[in-house]
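Below is data03.cif, holding mmCIF, C-alpha atoms and all ligand atoms; chains and numbers go by the auth columns.
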```cif
data_coords
#
loop_
_atom_site.group_PDB
_atom_site.id
_atom_site.type_symbol
_atom_site.label_atom_id
_atom_site.label_comp_id
_atom_site.label_asym_id
_atom_site.label_seq_id
_atom_site.Cartn_x
_atom_site.Cartn_y
_atom_site.Cartn_z
_atom_site.B_iso_or_equiv
_atom_site.auth_seq_id
_atom_site.auth_asym_id
ATOM 1 C CA MET A 1 86.167 50.812 99.021 0.00 1 A
ATOM 2 C CA LEU A 2 85.808 47.219 100.148 0.00 2 A
ATOM 3 C CA LEU A 3 88.994 45.283 100.767 0.00 3 A
ATOM 4 C CA ILE A 4 89.094 41.492 100.629 0.00 4 A
ATOM 5 C CA GLU A 5 91.932 39.505 102.166 0.00 5 A
ATOM 6 C CA CYS A 6 93.277 36.905 99.741 0.00 6 A
ATOM 7 C CA PRO A 7 94.867 34.105 101.848 0.00 7 A
ATOM 8 C CA TYR A 8 97.831 34.136 99.432 0.00 8 A
ATOM 9 C CA CYS A 9 98.324 37.878 98.667 0.00 9 A
ATOM 10 C CA GLY A 10 96.820 39.811 101.598 0.00 10 A
ATOM 11 C CA LEU A 11 94.373 42.729 101.437 0.00 11 A
ATOM 12 C CA ARG A 12 93.352 43.798 97.942 0.00 12 A
ATOM 13 C CA ASP A 13 90.572 45.888 96.360 0.00 13 A
ATOM 14 C CA GLU A 14 87.313 44.024 95.768 0.00 14 A
ATOM 15 C CA THR A 15 87.495 44.832 92.044 0.00 15 A
ATOM 16 C CA GLU A 16 90.275 42.205 91.746 0.00 16 A
ATOM 17 C CA PHE A 17 87.928 39.395 92.854 0.00 17 A
ATOM 18 C CA SER A 18 85.100 37.371 91.342 0.00 18 A
ATOM 19 C CA TYR A 19 82.436 35.437 93.226 0.00 19 A
ATOM 20 C CA ALA A 20 82.528 31.740 92.383 0.00 20 A
ATOM 21 C CA GLY A 21 79.544 30.205 94.164 0.00 21 A
ATOM 22 C CA GLU A 22 78.853 28.401 97.403 0.00 22 A
ATOM 23 C CA ALA A 23 81.824 26.690 99.066 0.00 23 A
ATOM 24 C CA HIS A 24 82.113 23.122 100.304 0.00 24 A
ATOM 25 C CA ILE A 25 79.886 21.539 97.631 0.00 25 A
ATOM 26 C CA ALA A 26 81.311 18.035 97.265 0.00 26 A
ATOM 27 C CA ARG A 27 80.938 16.284 93.898 0.00 27 A
ATOM 28 C CA PRO A 28 79.195 12.909 94.365 0.00 28 A
ATOM 29 C CA VAL A 29 81.598 9.968 94.023 0.00 29 A
ATOM 30 C CA GLU A 30 79.396 7.502 92.107 0.00 30 A
ATOM 31 C CA THR A 31 77.474 9.775 89.767 0.00 31 A
ATOM 32 C CA ASP A 32 76.112 6.899 87.677 0.00 32 A
ATOM 33 C CA LYS A 33 74.110 5.691 90.694 0.00 33 A
ATOM 34 C CA LEU A 34 72.346 9.016 91.249 0.00 34 A
ATOM 35 C CA SER A 35 68.769 9.671 90.275 0.00 35 A
ATOM 36 C CA ASP A 36 68.031 12.666 88.054 0.00 36 A
ATOM 37 C CA ALA A 37 66.673 14.502 91.103 0.00 37 A
ATOM 38 C CA GLU A 38 69.860 13.839 93.118 0.00 38 A
ATOM 39 C CA TRP A 39 72.047 14.987 90.205 0.00 39 A
ATOM 40 C CA ALA A 40 69.958 18.125 89.737 0.00 40 A
ATOM 41 C CA ASP A 41 70.230 18.798 93.478 0.00 41 A
ATOM 42 C CA TYR A 42 74.045 18.625 93.254 0.00 42 A
ATOM 43 C CA LEU A 43 74.178 20.852 90.167 0.00 43 A
ATOM 44 C CA PHE A 44 71.630 23.521 90.977 0.00 44 A
ATOM 45 C CA MET A 45 70.406 23.611 94.577 0.00 45 A
ATOM 46 C CA ARG A 46 72.263 25.971 96.907 0.00 46 A
ATOM 47 C CA SER A 47 71.541 27.104 100.444 0.00 47 A
ATOM 48 C CA ASN A 48 71.107 30.909 99.904 0.00 48 A
ATOM 49 C CA PRO A 49 71.051 31.792 103.625 0.00 49 A
ATOM 50 C CA LYS A 50 70.318 35.151 105.196 0.00 50 A
ATOM 51 C CA GLY A 51 73.461 35.759 107.260 0.00 51 A
ATOM 52 C CA ALA A 52 76.782 33.902 107.302 0.00 52 A
ATOM 53 C CA HIS A 53 77.482 32.136 103.995 0.00 53 A
ATOM 54 C CA ARG A 54 80.577 30.126 103.050 0.00 54 A
ATOM 55 C CA GLU A 55 81.576 31.069 99.496 0.00 55 A
ATOM 56 C CA GLN A 56 84.285 30.490 96.909 0.00 56 A
ATOM 57 C CA TRP A 57 86.035 33.522 95.482 0.00 57 A
ATOM 58 C CA LEU A 58 88.604 33.879 92.711 0.00 58 A
ATOM 59 C CA HIS A 59 91.436 36.414 92.931 0.00 59 A
ATOM 60 C CA ALA A 60 91.069 37.008 89.192 0.00 60 A
ATOM 61 C CA ALA A 61 93.297 40.085 88.872 0.00 61 A
ATOM 62 C CA GLY A 62 95.908 38.817 91.324 0.00 62 A
ATOM 63 C CA CYS A 63 97.262 35.340 91.994 0.00 63 A
ATOM 64 C CA ARG A 64 94.326 33.753 90.060 0.00 64 A
ATOM 65 C CA ARG A 65 93.736 31.256 92.871 0.00 65 A
ATOM 66 C CA TYR A 66 90.417 30.201 94.359 0.00 66 A
ATOM 67 C CA PHE A 67 89.824 30.489 98.089 0.00 67 A
ATOM 68 C CA ASN A 68 86.901 30.384 100.509 0.00 68 A
ATOM 69 C CA ALA A 69 85.331 33.222 102.458 0.00 69 A
ATOM 70 C CA VAL A 70 82.654 33.536 105.121 0.00 70 A
ATOM 71 C CA ARG A 71 80.490 36.479 104.091 0.00 71 A
ATOM 72 C CA ASP A 72 77.382 37.861 105.741 0.00 72 A
ATOM 73 C CA THR A 73 74.764 38.163 102.985 0.00 73 A
ATOM 74 C CA VAL A 74 72.996 41.011 104.817 0.00 74 A
ATOM 75 C CA THR A 75 75.924 43.268 105.770 0.00 75 A
ATOM 76 C CA TYR A 76 78.422 42.069 103.111 0.00 76 A
ATOM 77 C CA ASN A 77 81.021 41.782 105.923 0.00 77 A
ATOM 78 C CA ILE A 78 83.632 39.109 105.204 0.00 78 A
ATOM 79 C CA SER A 79 84.577 37.644 108.598 0.00 79 A
ATOM 80 C CA ALA A 80 87.173 35.121 107.359 0.00 80 A
ATOM 81 C CA THR A 81 89.024 33.934 104.277 0.00 81 A
ATOM 82 C CA TYR A 82 90.845 30.621 104.052 0.00 82 A
ATOM 83 C CA ARG A 83 92.449 28.336 101.489 0.00 83 A
ATOM 84 C CA ILE A 84 90.624 25.613 99.570 0.00 84 A
ATOM 85 C CA GLY A 85 90.693 22.381 101.567 0.00 85 A
ATOM 86 C CA GLU A 86 90.700 24.195 104.905 0.00 86 A
ATOM 87 C CA GLN A 87 87.773 24.804 107.256 0.00 87 A
ATOM 88 C CA PRO A 88 86.726 28.297 108.364 0.00 88 A
ATOM 89 C CA PRO A 89 88.683 29.519 111.401 0.00 89 A
ATOM 90 C CA GLY A 90 86.968 28.383 114.578 0.00 90 A
ATOM 91 C CA GLU A 91 85.071 25.503 112.940 0.00 91 A
ATOM 92 C CA GLY A 92 85.906 21.824 113.070 0.00 92 A
ATOM 93 C CA LYS A 93 85.462 19.378 110.213 0.00 93 A
ATOM 94 C CA ARG A 94 81.976 19.120 108.735 0.00 94 A
HETATM 95 ZN ZN ZN B . 95.658 36.344 95.637 0.00 1 B
#
```
Could the structure of this file be written out as structure tokens, please?
Ligand SMILES: [Zn+2]
Amino acid sequence: MLLIECPYCGLRDETEFSYAGEAHIARPVETDKLSDAEWADYLFMRSNPKGAHREQWLHAAGCRRYFNAVRDTVTYNISATYRIGEQPPGEGKR
């Protein structure tokens, strides 16, 4: 059984969580000035790395809050979880 640490509730079974996409995707401020290609890039293009990946997760069957996690896409190991608006432990601002 895989346990995931919700930053609000603590360790819980993975069945309580839902994946919610790549983390730290900032919505463009002036969307009316974007080209169609830039808008499509914001909407659809994601990094899909092999290795450490910063992701959003939803604690759907718990506190129902979103949070971020750093998950290795090869081993599935989650090395850190942290609240929305925070940076991963050990990393400065990006
Ligand atoms: Zn929770």
*Counting all atoms listed in the file, what is within 9 Å of Arg46 (chain A), bar same-chain residues fewer than 3 positions away, as a ChimeraX atom specification?*
/A:21-22,25,41-43,49
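Using all atoms listed in the file, we find that the residues with an atom at most 9 Å from any atom of ligand ZN 1 (chain B) are Glu5, Cys6, Pro7, Tyr8, Cys9, Gly10, Leu11, Arg12, Glu16, Phe17, Leu58, His59, Ala60, Ala61, Gly62, Cys63, Arg64, Arg65, Tyr66 and Phe67 of chain A.
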*Resolved residues for the PyMOL selection byres (((chain A and resi 27) around 12) and not hetatm) as a ChimeraX atom specification*: /A:23-26,28-31,34,38-43
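Across the structure, CA of Asn77 (chain A) and CA of Lys50 (chain A) are spaced 12.6 Å apart.
Between Ala80 (chain A) and the candidates A:Asn68, A:Leu3, A:Met45, A:Gln56, the tightest atom-to-atom separation, counting all atoms listed in the file, involves A:Asn68.
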*Applied to the shown file, which residues does the PyMOL selection byres (((chain A and resi 86) around 12) and not hetatm) return, written as a PyMOL selection string?*
chain A and resi 7+23-24+54+67-69+80-85+87-94
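Going from CA of Ala37 (chain A) over to CA of Asp72 (chain A), you cover 29.6 Å.
The space between CA of Thr75 (chain A) and CA of Asn48 (chain A) spans 14.5 Å.
Each of A:Lys33, A:Ile4, A:Ser18, A:Phe44 was compared to Ser79 (chain A) using all atoms listed in the file, and A:Ile4 turns out to be the nearest.
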_Residue with smallest distance to Ser47 (chain A) - pool A:Tyr19, A:Met1, A:Thr73, A:Ile78, counting all atoms listed in the file_ = A:Thr73
